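Novice: Following this line is start-v4.tsv, made up of TSV, C-alpha atoms:
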```tsv
chain	number	residue	atom	x	y	z
A	1	MET	CA	25.24	12.60	-9.31
A	2	SER	CA	26.38	9.82	-11.61
A	3	ALA	CA	24.14	8.01	-14.02
A	4	ALA	CA	24.61	4.74	-12.11
A	5	VAL	CA	23.37	6.32	-8.86
A	6	LYS	CA	20.37	7.86	-10.63
A	7	LYS	CA	19.60	4.52	-12.24
A	8	LYS	CA	19.77	2.72	-8.85
A	9	ALA	CA	17.53	5.34	-7.21
A	10	LEU	CA	15.05	5.11	-10.08
A	11	ALA	CA	15.06	1.30	-9.90
A	12	ALA	CA	14.42	1.43	-6.13
A	13	PHE	CA	11.57	3.92	-6.64
A	14	VAL	CA	10.00	1.80	-9.39
A	15	GLN	CA	10.30	-1.31	-7.20
A	16	GLN	CA	8.49	0.48	-4.33
A	17	CYS	CA	5.71	1.45	-6.74
A	18	LEU	CA	5.34	-2.16	-7.88
A	19	ASP	CA	5.36	-3.70	-4.38
A	20	PRO	CA	1.83	-4.46	-3.19
A	21	LEU	CA	0.48	-2.36	-0.37
A	22	PRO	CA	-0.16	-4.03	2.97
A	23	ASP	CA	-3.76	-5.12	3.44
A	24	ALA	CA	-4.27	-2.65	6.31
A	25	VAL	CA	-3.59	0.28	3.96
A	26	LEU	CA	-6.23	-0.94	1.52
A	27	ILE	CA	-9.09	-1.16	4.06
A	28	ASP	CA	-11.76	1.48	3.52
A	29	THR	CA	-12.88	1.83	7.12
A	30	HIS	CA	-15.41	4.56	6.36
A	31	HIS	CA	-17.18	2.38	3.79
A	32	ASN	CA	-17.15	-0.55	6.23
A	33	GLN	CA	-18.57	1.65	8.98
A	34	LEU	CA	-21.40	2.71	6.66
A	35	MET	CA	-22.08	-0.93	5.77
A	36	ARG	CA	-22.34	-1.83	9.45
A	37	GLN	CA	-24.51	1.22	10.20
A	38	ALA	CA	-26.95	0.09	7.52
A	39	ARG	CA	-27.54	-2.99	9.66
A	40	ARG	CA	-27.98	-1.04	12.90
A	41	LEU	CA	-31.51	0.37	12.37
A	42	PRO	CA	-33.15	-2.99	11.49
A	43	TRP	CA	-31.37	-4.52	14.50
A	44	ARG	CA	-32.66	-1.78	16.82
A	45	LYS	CA	-36.20	-2.21	15.50
A	46	ALA	CA	-36.09	-5.97	16.09
A	47	ASP	CA	-34.59	-5.41	19.54
A	48	ALA	CA	-37.41	-2.99	20.40
A	49	VAL	CA	-40.01	-5.62	19.50
A	50	THR	CA	-38.18	-8.27	21.54
A	51	SER	CA	-37.88	-5.93	24.53
A	52	LEU	CA	-41.56	-5.02	24.35
A	53	THR	CA	-42.71	-8.64	24.25
A	54	ARG	CA	-40.39	-9.47	27.18
A	55	ALA	CA	-41.85	-6.55	29.17
A	56	GLU	CA	-45.37	-7.62	28.28
A	57	MET	CA	-44.63	-11.16	29.47
A	58	ASP	CA	-43.20	-9.81	32.74
A	59	TYR	CA	-46.29	-7.61	33.17
A	60	TRP	CA	-48.74	-10.50	32.89
A	61	CYS	CA	-46.58	-12.61	35.19
A	62	ALA	CA	-46.66	-9.86	37.82
A	63	LYS	CA	-50.44	-9.46	37.38
A	64	ASP	CA	-50.86	-13.22	37.84
A	65	ILE	CA	-48.78	-13.26	41.04
A	66	HIS	CA	-50.64	-10.21	42.38
A	67	ALA	CA	-54.03	-11.74	41.67
A	68	MET	CA	-53.03	-15.05	43.23
A	69	TYR	CA	-51.33	-13.86	46.43
A	70	VAL	CA	-52.58	-10.32	47.09
A	71	LEU	CA	-56.11	-10.38	45.72
A	72	GLU	CA	-56.47	-14.13	46.29
A	73	ASP	CA	-58.60	-14.29	43.15
A	74	GLU	CA	-57.97	-17.56	41.31
A	75	ASP	CA	-60.17	-16.64	38.36
A	76	ARG	CA	-58.19	-13.46	37.65
A	77	SER	CA	-54.95	-15.31	38.24
A	78	SER	CA	-55.95	-17.93	35.71
A	79	ALA	CA	-56.88	-15.27	33.13
A	80	TYR	CA	-53.57	-13.45	33.64
A	81	SER	CA	-51.67	-16.71	33.47
A	82	HIS	CA	-53.32	-17.46	30.12
A	83	LYS	CA	-52.36	-14.02	28.78
A	84	ARG	CA	-48.78	-14.56	29.98
A	85	THR	CA	-48.63	-17.88	28.16
A	86	LEU	CA	-49.68	-16.17	24.93
A	87	THR	CA	-47.01	-13.50	25.36
A	88	VAL	CA	-44.36	-16.18	25.94
A	89	GLU	CA	-45.04	-17.48	22.44
A	90	ARG	CA	-44.91	-13.94	20.99
A	91	LYS	CA	-41.63	-13.28	22.82
A	92	ARG	CA	-40.08	-16.46	21.43
A	93	GLN	CA	-41.20	-15.49	17.94
A	94	ALA	CA	-39.75	-11.99	18.40
A	95	VAL	CA	-36.42	-13.47	19.51
A	96	ALA	CA	-36.37	-15.80	16.49
A	97	ASP	CA	-37.19	-12.85	14.22
A	98	GLN	CA	-34.38	-10.80	15.77
A	99	ILE	CA	-31.92	-13.66	15.26
A	100	ARG	CA	-32.80	-13.52	11.56
A	101	VAL	CA	-31.90	-9.81	11.36
A	102	PRO	CA	-28.28	-9.23	10.22
A	103	ALA	CA	-26.02	-8.35	13.15
A	104	PRO	CA	-24.38	-4.90	13.07
A	105	ASP	CA	-21.52	-5.84	15.43
A	106	LEU	CA	-19.96	-8.64	17.45
A	107	LEU	CA	-22.09	-7.80	20.49
A	108	ALA	CA	-25.21	-8.60	18.46
A	109	VAL	CA	-23.65	-11.92	17.38
A	110	GLN	CA	-22.98	-12.71	21.02
A	111	TRP	CA	-26.62	-11.84	21.85
A	112	LYS	CA	-27.78	-14.25	19.13
A	113	ARG	CA	-25.70	-17.06	20.59
A	114	GLU	CA	-27.14	-16.50	24.06
A	115	ALA	CA	-30.72	-16.09	22.84
A	116	ALA	CA	-30.51	-19.25	20.73
A	117	LYS	CA	-29.97	-21.32	23.87
A	118	ASP	CA	-33.77	-21.30	24.39
A	119	ARG	CA	-34.64	-24.66	22.87
A	120	TYR	CA	-38.27	-23.67	22.45
A	121	LEU	CA	-37.59	-20.94	19.90
A	122	PRO	CA	-39.37	-21.37	16.56
A	123	ILE	CA	-36.02	-21.46	14.68
A	124	SER	CA	-33.73	-24.42	14.10
A	125	ALA	CA	-30.22	-24.64	15.52
A	126	ASP	CA	-28.96	-25.19	11.98
A	127	GLU	CA	-30.54	-21.94	10.76
A	128	VAL	CA	-29.11	-20.06	13.76
A	129	ALA	CA	-25.63	-21.45	13.04
A	130	LYS	CA	-25.85	-20.38	9.37
A	131	LEU	CA	-27.06	-16.89	10.30
A	132	ILE	CA	-24.29	-16.41	12.86
A	133	ALA	CA	-21.66	-17.68	10.40
A	134	ALA	CA	-22.95	-15.21	7.80
A	135	ASP	CA	-22.80	-12.37	10.35
A	136	GLU	CA	-19.26	-13.27	11.37
A	137	ALA	CA	-18.16	-13.46	7.73
A	138	PHE	CA	-19.69	-10.04	7.02
A	139	LEU	CA	-18.08	-8.45	10.07
A	140	ALA	CA	-14.69	-9.98	9.24
A	141	ALA	CA	-14.99	-8.70	5.66
A	142	HIS	CA	-15.92	-5.20	6.87
A	143	PRO	CA	-13.46	-4.23	9.62
A	144	ILE	CA	-13.78	-0.68	10.92
A	145	THR	CA	-10.17	-0.37	12.08
A	146	LYS	CA	-7.04	-0.91	10.03
A	147	GLN	CA	-5.25	-2.78	12.80
A	148	PRO	CA	-6.69	-5.96	14.27
A	149	ARG	CA	-7.65	-5.66	17.91
A	150	ARG	CA	-5.17	-6.88	20.44
A	151	LYS	CA	-6.25	-9.75	22.58
A	152	ARG	CA	-6.41	-8.50	26.14
A	153	GLY	CA	-4.44	-10.59	28.57
A	154	LEU	CA	-4.92	-10.85	32.29
A	155	GLY	CA	-2.37	-8.07	32.82
A	156	ASP	CA	-4.29	-5.50	30.74
A	157	HIS	CA	-6.46	-3.24	32.87
A	158	HIS	CA	-8.25	-0.66	30.72
```
If you convert what's in this file into structure tokens, what do you get?
Specialist:
Amino acid sequence: MSAAVKKKALAAFVQQCLDPLPDAVLIDTHHNQLMRQARRLPWRKADAVTSLTRAEMDYWCAKDIHAMYVLEDEDRSSAYSHKRTLTVERKRQAVADQIRVPAPDLLAVQWKREAAKDRYLPISADEVAKLIAADEAFLAAHPITKQPRRKRGLGDHH
């Protein structure tokens, strides 16, 4: 092999070494997955509280309806209705508290958007918007796949 060929091959090799790697190669998906998992347990705890308060509210609503129409006892119905009203406030507070918990994935962000539609929540729309923006920024900065997801068209059936 001539010196000129060796020099060209060496120059090409050195150029490859100096070229920056594509962003997808530099993503540490395992680290990002661990970062997202760290958010999962607090989210599940908040979701458990929200679910419990929703169930409690449904329970007192059912007791109220039963007392009113089956037992025909207005006093009991009124007492159950009062308890349901108290649980409505606790449920709204639980939802607001869950919105404040960092989202572990895009499904949780979507849940926050839907939950925030209740205008009686004890959290401002501005705070919700900031929290969702922070979640989206975190999730975008911590992708768990090297390739961006394809947008599914109408023809994709998976």
Novice: Near A:Asp64, within 10 Å and counting only C-alpha atoms, which residues show up once chain neighbours fewer than 6 positions away are dropped, as a PDB file with C-alpha atoms, in the frame of the given file?
Specialist:
```pdb
ATOM      1  CA  ASP A  58     -43.200  -9.810  32.740  1.00  0.00           C
ATOM      2  CA  VAL A  70     -52.580 -10.320  47.090  1.00  0.00           C
ATOM      3  CA  LEU A  71     -56.110 -10.380  45.720  1.00  0.00           C
ATOM      4  CA  ASP A  73     -58.600 -14.290  43.150  1.00  0.00           C
ATOM      5  CA  GLU A  74     -57.970 -17.560  41.310  1.00  0.00           C
ATOM      6  CA  ASP A  75     -60.170 -16.640  38.360  1.00  0.00           C
ATOM      7  CA  ARG A  76     -58.190 -13.460  37.650  1.00  0.00           C
ATOM      8  CA  SER A  77     -54.950 -15.310  38.240  1.00  0.00           C
ATOM      9  CA  SER A  78     -55.950 -17.930  35.710  1.00  0.00           C
ATOM     10  CA  ALA A  79     -56.880 -15.270  33.130  1.00  0.00           C
ATOM     11  CA  TYR A  80     -53.570 -13.450  33.640  1.00  0.00           C
ATOM     12  CA  SER A  81     -51.670 -16.710  33.470  1.00  0.00           C
ATOM     13  CA  HIS A  82     -53.320 -17.460  30.120  1.00  0.00           C
ATOM     14  CA  LYS A  83     -52.360 -14.020  28.780  1.00  0.00           C
ATOM     15  CA  ARG A  84     -48.780 -14.560  29.980  1.00  0.00           C
TER      16      ARG A  84
END
```
Novice: Fewer than 2 positions away in the same chain doesn't count, so skip those; otherwise give me all residues within 9 Å of stretch 36-53 of chain A, counting all atoms listed in the file, as a ChimeraX atom specification.
Specialist: /A:31-34,55-58,87-88,90-95,97-99,101-105,108,138-139,142,144
Novice: What is the atom CA of A:Ile132-atom CA of A:Val109 distance in Å, reported with one decimal?
Specialist: 6.4 Å
Novice: Calculated over all atoms listed in the file, which of the candidates A:Ala12, A:Thr85, A:Ala115, A:Met35 has the smallest distance to A:Ala141?
Specialist: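 Using all atoms listed in the file, the shortest distance to A:Ala141 belongs to A:Met35.
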Novice: Rounded to one decimal place, report the atom CA of A:Arg100-atom CA of A:Ala140 distance in Å.
Specialist: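 So the two atoms, atom CA of A:Arg100 and atom CA of A:Ala140, lie 18.6 Å apart.
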Novice: Just the number, please: distance in Å from atom CA of A:Ala133 to atom CA of A:Ala96, one decimal.
Specialist: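 Rounded to one decimal, the two atoms are 16.0 Å apart.
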